[in-house]
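As stored in input-v9.cif (mmCIF, C-alpha atoms):
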```cif
data_target
#
loop_
_atom_site.group_PDB
_atom_site.id
_atom_site.type_symbol
_atom_site.label_atom_id
_atom_site.label_comp_id
_atom_site.auth_asym_id
_atom_site.auth_seq_id
_atom_site.Cartn_x
_atom_site.Cartn_y
_atom_site.Cartn_z
ATOM 1 C CA MET C 1347 90.717 70.214 100.541
ATOM 2 C CA SER C 1348 87.736 70.630 102.813
ATOM 3 C CA THR C 1349 84.855 68.242 102.237
ATOM 4 C CA THR C 1350 82.297 70.986 102.912
ATOM 5 C CA ASP C 1351 80.415 72.041 99.787
ATOM 6 C CA ARG C 1352 79.682 75.748 100.215
ATOM 7 C CA SER C 1353 76.940 75.609 97.590
ATOM 8 C CA THR C 1354 74.786 73.742 100.127
ATOM 9 C CA LEU C 1355 74.990 76.584 102.688
ATOM 10 C CA THR C 1356 72.646 79.531 103.107
ATOM 11 C CA LYS C 1357 74.100 83.048 103.083
ATOM 12 C CA GLU C 1358 73.713 83.156 106.866
ATOM 13 C CA GLN C 1359 75.576 79.857 107.284
ATOM 14 C CA LEU C 1360 78.276 81.029 104.895
ATOM 15 C CA ARG C 1361 78.703 84.259 106.862
ATOM 16 C CA GLU C 1362 79.016 82.300 110.104
ATOM 17 C CA GLU C 1363 81.688 80.045 108.593
ATOM 18 C CA VAL C 1364 83.689 83.125 107.605
ATOM 19 C CA ARG C 1365 83.152 84.849 110.969
ATOM 20 C CA ALA C 1366 84.295 81.757 112.897
ATOM 21 C CA LYS C 1367 87.405 81.296 110.758
ATOM 22 C CA TYR C 1368 88.499 84.912 111.129
ATOM 23 C CA ALA C 1369 87.703 84.973 114.834
ATOM 24 C CA GLN C 1370 90.113 82.054 115.115
ATOM 25 C CA ALA C 1371 92.691 83.989 113.100
ATOM 26 C CA ALA C 1372 92.358 86.973 115.441
ATOM 27 C CA THR C 1373 92.798 84.927 118.615
ATOM 28 C CA GLN C 1374 95.279 82.291 117.464
ATOM 29 C CA GLY C 1375 97.086 84.025 114.646
ATOM 30 C CA SER C 1376 98.254 82.498 111.395
ATOM 31 C CA SER C 1377 101.494 80.720 110.632
ATOM 32 C CA CYS C 1378 102.902 78.382 108.032
ATOM 33 C CA CYS C 1379 102.739 75.525 110.515
ATOM 34 C CA SER C 1380 99.203 75.833 111.879
ATOM 35 C CA PRO C 1381 97.310 78.528 110.025
ATOM 36 C CA ALA C 1382 93.859 79.726 110.950
ATOM 37 C CA VAL C 1383 93.858 81.357 107.506
ATOM 38 C CA SER C 1384 96.817 80.527 105.272
ATOM 39 C CA THR C 1385 98.940 83.354 103.858
ATOM 40 C CA THR C 1386 100.696 81.167 101.279
ATOM 41 C CA ASP C 1387 99.736 79.669 97.943
ATOM 42 C CA GLU C 1388 99.974 75.984 97.042
ATOM 43 C CA HIS C 1389 103.718 76.387 96.460
ATOM 44 C CA GLY C 1390 104.384 77.939 99.865
ATOM 45 C CA THR C 1391 104.913 81.460 98.511
ATOM 46 C CA GLU C 1392 103.659 84.296 100.729
ATOM 47 C CA VAL C 1393 100.842 85.854 98.698
ATOM 48 C CA PHE C 1394 98.726 87.279 101.531
ATOM 49 C CA GLY C 1395 99.441 89.222 104.683
ATOM 50 C CA ALA C 1396 102.240 91.275 106.208
ATOM 51 C CA ALA C 1397 104.885 90.114 103.723
ATOM 52 C CA LEU C 1398 103.274 92.297 101.026
ATOM 53 C CA TYR C 1399 103.974 95.576 102.844
ATOM 54 C CA ASP C 1400 107.222 97.483 102.392
ATOM 55 C CA GLU C 1401 109.047 98.562 105.527
ATOM 56 C CA GLU C 1402 107.856 102.175 105.459
ATOM 57 C CA THR C 1403 104.187 101.307 104.965
ATOM 58 C CA ALA C 1404 104.336 98.546 107.558
ATOM 59 C CA GLY C 1405 105.697 101.102 110.000
ATOM 60 C CA GLU C 1406 102.644 103.283 109.476
ATOM 61 C CA GLY C 1407 100.396 100.345 110.357
ATOM 62 C CA GLY C 1408 102.453 99.361 113.381
ATOM 63 C CA ALA C 1409 101.654 96.156 115.241
ATOM 64 C CA ALA C 1410 98.386 95.764 113.308
ATOM 65 C CA ILE C 1411 100.235 94.816 110.126
ATOM 66 C CA ALA C 1412 101.407 91.565 111.695
ATOM 67 C CA GLY C 1413 97.774 90.450 111.753
ATOM 68 C CA SER C 1414 97.081 91.359 108.133
ATOM 69 C CA LEU C 1415 95.484 88.702 105.934
ATOM 70 C CA GLY C 1416 95.056 90.953 102.919
ATOM 71 C CA CYS C 1417 96.176 90.403 99.341
ATOM 72 C CA GLY C 1418 97.521 93.878 98.607
ATOM 73 C CA ILE C 1419 98.011 97.440 99.821
ATOM 74 C CA PRO C 1420 94.922 99.491 98.877
ATOM 75 C CA THR C 1421 96.251 102.607 100.600
ATOM 76 C CA ALA C 1422 99.047 102.723 98.012
ATOM 77 C CA VAL C 1423 96.610 103.631 95.227
ATOM 78 C CA ALA C 1424 93.830 105.455 97.082
ATOM 79 C CA ALA C 1425 95.511 108.884 96.792
ATOM 80 C CA LEU C 1426 94.684 109.695 100.414
ATOM 81 C CA GLN C 1427 95.019 113.304 101.510
ATOM 82 C CA ASP C 1428 94.522 115.468 104.564
ATOM 83 C CA GLY C 1429 90.840 115.838 105.384
ATOM 84 C CA ASP C 1430 89.594 112.659 103.723
ATOM 85 C CA VAL C 1431 87.129 110.409 105.516
ATOM 86 C CA VAL C 1432 88.212 106.840 104.713
ATOM 87 C CA LEU C 1433 86.153 103.677 105.167
ATOM 88 C CA ASP C 1434 87.813 100.246 105.271
ATOM 89 C CA LEU C 1435 85.455 97.362 104.484
ATOM 90 C CA GLY C 1436 86.354 94.321 106.598
ATOM 91 C CA SER C 1437 89.080 96.118 108.543
ATOM 92 C CA GLY C 1438 90.385 93.097 110.483
ATOM 93 C CA THR C 1439 93.129 93.992 112.950
ATOM 94 C CA GLY C 1440 93.149 97.551 111.633
ATOM 95 C CA GLY C 1441 96.434 97.907 109.749
ATOM 96 C CA ASP C 1442 95.046 99.690 106.696
ATOM 97 C CA VAL C 1443 92.849 101.891 108.903
ATOM 98 C CA LEU C 1444 95.868 103.040 110.903
ATOM 99 C CA ILE C 1445 97.848 103.733 107.726
ATOM 100 C CA SER C 1446 94.895 105.734 106.388
ATOM 101 C CA ALA C 1447 94.470 107.653 109.636
ATOM 102 C CA ARG C 1448 98.076 108.849 109.507
ATOM 103 C CA ARG C 1449 97.806 109.921 105.878
ATOM 104 C CA VAL C 1450 94.567 111.912 106.251
ATOM 105 C CA ALA C 1451 95.598 113.601 109.513
ATOM 106 C CA PRO C 1452 95.190 116.040 111.070
ATOM 107 C CA THR C 1453 91.687 116.859 109.826
ATOM 108 C CA GLY C 1454 90.638 113.566 108.259
ATOM 109 C CA ARG C 1455 89.597 110.325 109.893
ATOM 110 C CA ALA C 1456 89.490 106.612 109.190
ATOM 111 C CA ILE C 1457 86.663 104.171 109.951
ATOM 112 C CA GLY C 1458 86.911 100.397 109.975
ATOM 113 C CA ILE C 1459 83.927 98.071 109.625
ATOM 114 C CA ASP C 1460 84.116 94.412 110.627
ATOM 115 C CA MET C 1461 81.608 91.772 111.748
ATOM 116 C CA THR C 1462 84.015 89.849 113.975
ATOM 117 C CA ASP C 1463 84.246 90.923 117.619
ATOM 118 C CA GLU C 1464 87.680 89.393 118.038
ATOM 119 C CA MET C 1465 89.042 91.373 115.093
ATOM 120 C CA LEU C 1466 87.459 94.581 116.391
ATOM 121 C CA ASP C 1467 88.994 94.059 119.829
ATOM 122 C CA GLN C 1468 92.443 93.622 118.280
ATOM 123 C CA ALA C 1469 91.978 96.651 116.045
ATOM 124 C CA ARG C 1470 90.932 98.942 118.884
ATOM 125 C CA GLN C 1471 93.870 97.790 120.950
ATOM 126 C CA ASN C 1472 96.241 98.428 118.046
ATOM 127 C CA ALA C 1473 94.817 101.925 117.530
ATOM 128 C CA ALA C 1474 95.190 102.723 121.229
ATOM 129 C CA GLU C 1475 98.787 101.524 121.251
ATOM 130 C CA ALA C 1476 99.510 103.643 118.160
ATOM 131 C CA GLY C 1477 98.099 106.702 119.941
ATOM 132 C CA LEU C 1478 95.824 107.610 117.050
ATOM 133 C CA GLU C 1479 92.621 109.486 117.838
ATOM 134 C CA ASN C 1480 91.200 109.985 114.323
ATOM 135 C CA VAL C 1481 90.227 106.304 114.140
ATOM 136 C CA GLU C 1482 86.940 104.519 114.722
ATOM 137 C CA PHE C 1483 85.955 100.872 114.460
ATOM 138 C CA ARG C 1484 82.319 99.848 114.084
ATOM 139 C CA LYS C 1485 80.694 96.433 114.049
ATOM 140 C CA GLY C 1486 78.605 95.752 110.982
ATOM 141 C CA TYR C 1487 78.023 93.758 107.818
ATOM 142 C CA LEU C 1488 79.335 94.930 104.483
ATOM 143 C CA GLU C 1489 75.894 94.355 102.958
ATOM 144 C CA ASP C 1490 74.370 96.809 105.452
ATOM 145 C CA LEU C 1491 76.951 99.447 106.329
ATOM 146 C CA PRO C 1492 76.280 101.437 109.530
ATOM 147 C CA LEU C 1493 77.006 104.775 107.870
ATOM 148 C CA GLU C 1494 74.946 107.575 106.379
ATOM 149 C CA ASP C 1495 74.566 108.203 102.662
ATOM 150 C CA ALA C 1496 77.369 110.218 101.030
ATOM 151 C CA SER C 1497 79.456 110.325 104.207
ATOM 152 C CA VAL C 1498 82.945 109.143 103.117
ATOM 153 C CA ASP C 1499 85.491 110.289 100.551
ATOM 154 C CA VAL C 1500 87.271 106.988 100.008
ATOM 155 C CA VAL C 1501 86.315 103.316 100.353
ATOM 156 C CA ILE C 1502 89.156 100.831 100.684
ATOM 157 C CA SER C 1503 89.206 97.095 101.392
ATOM 158 C CA ASN C 1504 91.875 94.411 101.486
ATOM 159 C CA CYS C 1505 90.799 90.985 100.254
ATOM 160 C CA VAL C 1506 87.402 90.929 101.965
ATOM 161 C CA ILE C 1507 84.761 91.547 99.290
ATOM 162 C CA ASN C 1508 85.349 88.023 97.945
ATOM 163 C CA LEU C 1509 84.212 86.671 101.350
ATOM 164 C CA ALA C 1510 80.801 88.351 101.212
ATOM 165 C CA GLY C 1511 77.704 86.343 100.404
ATOM 166 C CA ASP C 1512 76.126 89.150 98.350
ATOM 167 C CA LYS C 1513 78.874 91.058 96.579
ATOM 168 C CA ASN C 1514 76.476 93.139 94.493
ATOM 169 C CA LYS C 1515 74.931 94.459 97.708
ATOM 170 C CA VAL C 1516 78.382 95.175 99.183
ATOM 171 C CA LEU C 1517 79.350 97.259 96.163
ATOM 172 C CA ALA C 1518 75.971 99.023 96.152
ATOM 173 C CA GLU C 1519 76.496 99.901 99.826
ATOM 174 C CA ALA C 1520 79.991 101.191 99.082
ATOM 175 C CA ALA C 1521 78.547 103.435 96.386
ATOM 176 C CA ARG C 1522 75.786 104.621 98.726
ATOM 177 C CA VAL C 1523 78.147 105.852 101.442
ATOM 178 C CA LEU C 1524 80.583 107.511 99.020
ATOM 179 C CA LYS C 1525 80.241 111.236 98.477
ATOM 180 C CA PRO C 1526 79.813 112.426 94.878
ATOM 181 C CA GLY C 1527 83.274 112.295 93.363
ATOM 182 C CA GLY C 1528 84.356 109.785 96.005
ATOM 183 C CA ARG C 1529 86.939 107.100 95.285
ATOM 184 C CA PHE C 1530 86.754 103.303 95.500
ATOM 185 C CA ALA C 1531 90.188 101.631 95.766
ATOM 186 C CA VAL C 1532 90.386 98.039 96.968
ATOM 187 C CA SER C 1533 92.646 95.027 96.791
ATOM 188 C CA ASP C 1534 90.775 91.818 96.156
ATOM 189 C CA VAL C 1535 91.105 88.418 94.557
ATOM 190 C CA VAL C 1536 89.838 88.161 90.981
ATOM 191 C CA ALA C 1537 89.042 84.711 89.643
ATOM 192 C CA ASP C 1538 90.038 83.435 86.239
ATOM 193 C CA PRO C 1539 87.004 82.755 84.024
ATOM 194 C CA ASP C 1540 87.896 79.055 83.895
ATOM 195 C CA MET C 1541 88.145 78.427 87.648
ATOM 196 C CA ASP C 1542 86.924 74.854 88.142
ATOM 197 C CA ASP C 1543 83.669 74.033 89.934
ATOM 198 C CA ALA C 1544 85.378 71.910 92.593
ATOM 199 C CA THR C 1545 87.409 74.900 93.748
ATOM 200 C CA LYS C 1546 84.370 77.164 93.684
ATOM 201 C CA ARG C 1547 82.393 74.780 95.895
ATOM 202 C CA ASP C 1548 85.117 74.129 98.464
ATOM 203 C CA MET C 1549 84.553 75.873 101.786
ATOM 204 C CA GLN C 1550 88.221 75.968 102.706
ATOM 205 C CA GLN C 1551 88.985 77.679 99.415
ATOM 206 C CA PHE C 1552 86.169 80.124 100.154
ATOM 207 C CA THR C 1553 87.420 81.191 103.596
ATOM 208 C CA GLY C 1554 90.896 81.265 102.039
ATOM 209 C CA CYS C 1555 89.711 84.079 99.721
ATOM 210 C CA ILE C 1556 89.750 82.086 96.465
ATOM 211 C CA ALA C 1557 86.440 80.350 95.750
ATOM 212 C CA GLY C 1558 84.187 83.375 96.280
ATOM 213 C CA ALA C 1559 86.128 85.731 94.018
ATOM 214 C CA LEU C 1560 84.440 87.485 91.124
ATOM 215 C CA THR C 1561 85.884 87.358 87.628
ATOM 216 C CA ARG C 1562 87.082 90.592 86.036
ATOM 217 C CA ARG C 1563 83.879 90.864 83.987
ATOM 218 C CA GLU C 1564 81.684 90.140 87.018
ATOM 219 C CA PHE C 1565 83.515 92.803 89.037
ATOM 220 C CA GLU C 1566 83.164 95.345 86.232
ATOM 221 C CA ASP C 1567 79.442 94.602 85.834
ATOM 222 C CA ALA C 1568 78.784 94.767 89.595
ATOM 223 C CA LEU C 1569 80.590 98.101 89.955
ATOM 224 C CA ALA C 1570 78.655 99.519 87.000
ATOM 225 C CA ALA C 1571 75.369 98.258 88.474
ATOM 226 C CA ALA C 1572 76.275 100.030 91.724
ATOM 227 C CA GLY C 1573 76.602 103.284 89.790
ATOM 228 C CA LEU C 1574 80.382 103.578 89.887
ATOM 229 C CA VAL C 1575 82.394 104.694 86.873
ATOM 230 C CA ASP C 1576 85.991 104.858 85.603
ATOM 231 C CA VAL C 1577 86.553 101.236 86.575
ATOM 232 C CA GLU C 1578 90.129 99.923 86.488
ATOM 233 C CA ILE C 1579 91.220 96.400 87.429
ATOM 234 C CA GLN C 1580 94.938 95.653 87.481
ATOM 235 C CA GLU C 1581 96.350 92.312 88.599
ATOM 236 C CA THR C 1582 99.320 92.586 90.957
ATOM 237 C CA HIS C 1583 100.297 88.950 91.604
ATOM 238 C CA ARG C 1584 98.962 85.420 91.429
ATOM 239 C CA VAL C 1585 97.521 83.881 94.581
ATOM 240 C CA HIS C 1586 96.230 80.613 93.124
ATOM 241 C CA ALA C 1587 96.433 78.620 89.910
ATOM 242 C CA LYS C 1588 93.069 80.105 88.905
ATOM 243 C CA ALA C 1589 93.068 83.512 90.622
ATOM 244 C CA GLY C 1590 95.132 86.642 91.105
ATOM 245 C CA SER C 1591 95.203 89.579 93.464
ATOM 246 C CA ALA C 1592 94.205 92.853 91.834
ATOM 247 C CA ILE C 1593 93.804 96.528 92.578
ATOM 248 C CA VAL C 1594 90.234 97.551 91.722
ATOM 249 C CA ARG C 1595 89.510 101.251 91.338
ATOM 250 C CA ALA C 1596 86.407 103.234 90.477
ATOM 251 C CA SER C 1597 84.716 106.502 91.376
ATOM 252 C CA LYS C 1598 81.272 107.861 92.116
ATOM 253 C CA PRO C 1599 80.010 110.408 89.590
ATOM 254 C CA VAL C 1600 79.921 114.006 90.776
#
```

Show me the file's structure as structure tokens.
Amino acid sequence: MSTTDRSTLTKEQLREEVRAKYAQAATQGSSCCSPAVSTTDEHGTEVFGAALYDEETAGEGGAAIAGSLGCGIPTAVAALQDGDVVLDLGSGTGGDVLISARRVAPTGRAIGIDMTDEMLDQARQNAAEAGLENVEFRKGYLEDLPLEDASVDVVISNCVINLAGDKNKVLAEAARVLKPGGRFAVSDVVADPDMDDATKRDMQQFTGCIAGALTRREFEDALAAAGLVDVEIQETHRVHAKAGSAIVRASKPV
């Protein structure tokens, strides 16, 4: 485990730690031998990344799926349809954005937000190679989304909210940009209530998507505080002894 205690860091320092780690992942990749960000659990089982996608869905994402570090497939439960405007929070190399763009075509579009230049560069290259024109990638922080109020139909995210320093603000921003009746459908890590303090403090466990995860109750309370309703949280698989990946769904009242 890392010796860095994340509880001693400011939110700005924490954000920079995450940005640097994922910039490294974008430029150097991730593997079982020398991972920038590990895709396996403590037993060596693939619990993050491209291995989670079935062949058909991976084909929709093209080359971008190889760079995935997510913990699920949010597009599988977002009920995307032609004409939707989809926003992906922390879009990384763009796999879920490209999948979304294909499913909402020809009149819909997909937008990816990421704070890491290296990830954005990879995503734009992947979109260009896929020949998709209804795609846009913007640089920004999840706590301050560069979008107008009530401008998107669907918010998705794949294992990124747990990395944010202010998750309540992230969820409030997601609610702000959703149109009335809009849908929130994300994959994220959900912590067990009894996760130990040592794990929570460890910086390596934080950038690995474990230590910063909300519990089910915390997620439910934060979504309710953001004004979202019809909250559903369903675990899909375990990613750690004290945490699991889950699909989290909610909606914005009409």

Fill in: Selection near segment 1503-1507 of chain C, 8 Å with only C-alpha atoms, sequence-local residues under 5 positions removed, as a list of chain:residue names
C:Leu1415, C:Gly1416, C:Cys1417, C:Gly1418, C:Ile1419, C:Pro1420, C:Asp1434, C:Leu1435, C:Gly1436, C:Ser1437, C:Lys1513, C:Val1516, C:Ala1531, C:Val1532, C:Ser1533, C:Asp1534, C:Val1535, C:Cys1555, C:Ala1559

Discussion item. For the PyMOL selection byres ((chain C and resi 1481) around 7), applied here, can you spell out every residue it catches as an MDAnalysis selection string?
Written reply: chainID C and resid 1447 1455:1457 1478:1480 1482:1483

Using the chain letters and numbers from the file, which residues does the PyMOL selection byres ((chain C and resi 1392-1397) around 10) grab, as an mmCIF file with C-alpha atoms, in the frame of the given file?
```
data_model
loop_
_atom_site.group_PDB
_atom_site.id
_atom_site.type_symbol
_atom_site.label_atom_id
_atom_site.label_comp_id
_atom_site.auth_asym_id
_atom_site.auth_seq_id
_atom_site.Cartn_x
_atom_site.Cartn_y
_atom_site.Cartn_z
ATOM 1 C CA SER C 1376 98.254 82.498 111.395
ATOM 2 C CA CYS C 1378 102.902 78.382 108.032
ATOM 3 C CA VAL C 1383 93.858 81.357 107.506
ATOM 4 C CA SER C 1384 96.817 80.527 105.272
ATOM 5 C CA THR C 1385 98.940 83.354 103.858
ATOM 6 C CA THR C 1386 100.696 81.167 101.279
ATOM 7 C CA ASP C 1387 99.736 79.669 97.943
ATOM 8 C CA GLU C 1388 99.974 75.984 97.042
ATOM 9 C CA HIS C 1389 103.718 76.387 96.460
ATOM 10 C CA GLY C 1390 104.384 77.939 99.865
ATOM 11 C CA THR C 1391 104.913 81.460 98.511
ATOM 12 C CA LEU C 1398 103.274 92.297 101.026
ATOM 13 C CA TYR C 1399 103.974 95.576 102.844
ATOM 14 C CA ASP C 1400 107.222 97.483 102.392
ATOM 15 C CA GLU C 1401 109.047 98.562 105.527
ATOM 16 C CA ALA C 1404 104.336 98.546 107.558
ATOM 17 C CA ALA C 1410 98.386 95.764 113.308
ATOM 18 C CA ILE C 1411 100.235 94.816 110.126
ATOM 19 C CA ALA C 1412 101.407 91.565 111.695
ATOM 20 C CA GLY C 1413 97.774 90.450 111.753
ATOM 21 C CA SER C 1414 97.081 91.359 108.133
ATOM 22 C CA LEU C 1415 95.484 88.702 105.934
ATOM 23 C CA GLY C 1416 95.056 90.953 102.919
ATOM 24 C CA CYS C 1417 96.176 90.403 99.341
ATOM 25 C CA GLY C 1418 97.521 93.878 98.607
ATOM 26 C CA ILE C 1419 98.011 97.440 99.821
ATOM 27 C CA GLY C 1441 96.434 97.907 109.749
ATOM 28 C CA ASN C 1504 91.875 94.411 101.486
ATOM 29 C CA CYS C 1505 90.799 90.985 100.254
ATOM 30 C CA GLY C 1554 90.896 81.265 102.039
ATOM 31 C CA CYS C 1555 89.711 84.079 99.721
ATOM 32 C CA HIS C 1583 100.297 88.950 91.604
ATOM 33 C CA ARG C 1584 98.962 85.420 91.429
ATOM 34 C CA VAL C 1585 97.521 83.881 94.581
ATOM 35 C CA HIS C 1586 96.230 80.613 93.124
ATOM 36 C CA GLY C 1590 95.132 86.642 91.105
ATOM 37 C CA SER C 1591 95.203 89.579 93.464
#
```

Practice prompt. List the residues selected by the PyMOL selection byres ((chain C and resi 1485) around 9) in the file shown, writing them as a PyMOL selection string.
Written response: chain C and resi 1458-1463+1466+1483-1484+1486-1487+1492

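From atom CA of Ala1409 of chain C back to atom CA of Arg1449 of chain C, the distance works out to 17.1 Å.
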
Discussion item. Can you pull out the residues contacting Thr1553 of chain C? Cut-off 12 Å, using all atoms listed in the file, and skip same-chain residues under 6 positions away; I want them as an MDAnalysis selection string.
Written reply: chainID C and resid 1347:1348 1350 1352 1360:1371 1382:1385 1415 1505:1511 1545:1547 1559

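Counting from atom CA of Ala1473 of chain C, the distance to atom CA of Leu1444 of chain C is 6.8 Å.
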
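Distances from C:Ala1476, C:Val1600, C:Ala1520, C:Leu1426 to Asp1490 of chain C were compared using all atoms listed in the file, and the smallest one belongs to C:Ala1520.
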
Fill in: Selection near Pro1526 of chain C, 10 Å with only C-alpha atoms, sequence-local residues under 2 positions removed, as number ranges by chain
C: 1496-1499, 1521-1524, 1528-1529, 1597-1600

File dump, residues just selected, C-alpha atoms, as an mmCIF file, in the frame of the given file:
```cif
data_model
loop_
_atom_site.group_PDB
_atom_site.id
_atom_site.type_symbol
_atom_site.label_atom_id
_atom_site.label_comp_id
_atom_site.auth_asym_id
_atom_site.auth_seq_id
_atom_site.Cartn_x
_atom_site.Cartn_y
_atom_site.Cartn_z
ATOM 1 C CA ALA C 1496 77.369 110.218 101.030
ATOM 2 C CA SER C 1497 79.456 110.325 104.207
ATOM 3 C CA VAL C 1498 82.945 109.143 103.117
ATOM 4 C CA ASP C 1499 85.491 110.289 100.551
ATOM 5 C CA ALA C 1521 78.547 103.435 96.386
ATOM 6 C CA ARG C 1522 75.786 104.621 98.726
ATOM 7 C CA VAL C 1523 78.147 105.852 101.442
ATOM 8 C CA LEU C 1524 80.583 107.511 99.020
ATOM 9 C CA GLY C 1528 84.356 109.785 96.005
ATOM 10 C CA ARG C 1529 86.939 107.100 95.285
ATOM 11 C CA SER C 1597 84.716 106.502 91.376
ATOM 12 C CA LYS C 1598 81.272 107.861 92.116
ATOM 13 C CA PRO C 1599 80.010 110.408 89.590
ATOM 14 C CA VAL C 1600 79.921 114.006 90.776
#
```

Discussion item. When you count only C-alpha atoms, which of these residues is closest to Thr1373 of chain C: C:Met1465, C:Val1536, C:Ala1424, C:Leu1569?
Written reply: C:Met1465

Worksheet entry | Counting only C-alpha atoms, the option among C:Ile1445, C:Ala1589, C:Glu1578, C:Lys1357 closest to Val1432 of chain C | C:Ile1445

Worksheet item: Given the choices C:Gly1573, C:Pro1539, C:Pro1452, C:Gly1408, which gets closest to Gly1440 of chain C if the distance is worked out from all atoms listed in the file?
Response: C:Gly1408

Item to complete: Please identify all polymer residues within 10 Å of Arg1563 of chain C, counting all atoms listed in the file, omitting same-chain residues fewer than 3 positions from it, and present them as a PyMOL selection string.
Response: chain C and resi 1536-1539+1560+1566-1569+1579

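Minimum atom-to-atom distances from C:Leu1433, C:Val1450, C:Ala1587, C:Ala1425 to Lys1525 of chain C were compared using all atoms listed in the file, and the lowest value belongs to C:Leu1433.
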
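Minimum distance to Thr1439 of chain C across C:Val1575, C:Leu1488, C:Ile1593, C:Ala1372 (counting only C-alpha atoms) occurs at C:Ala1372.
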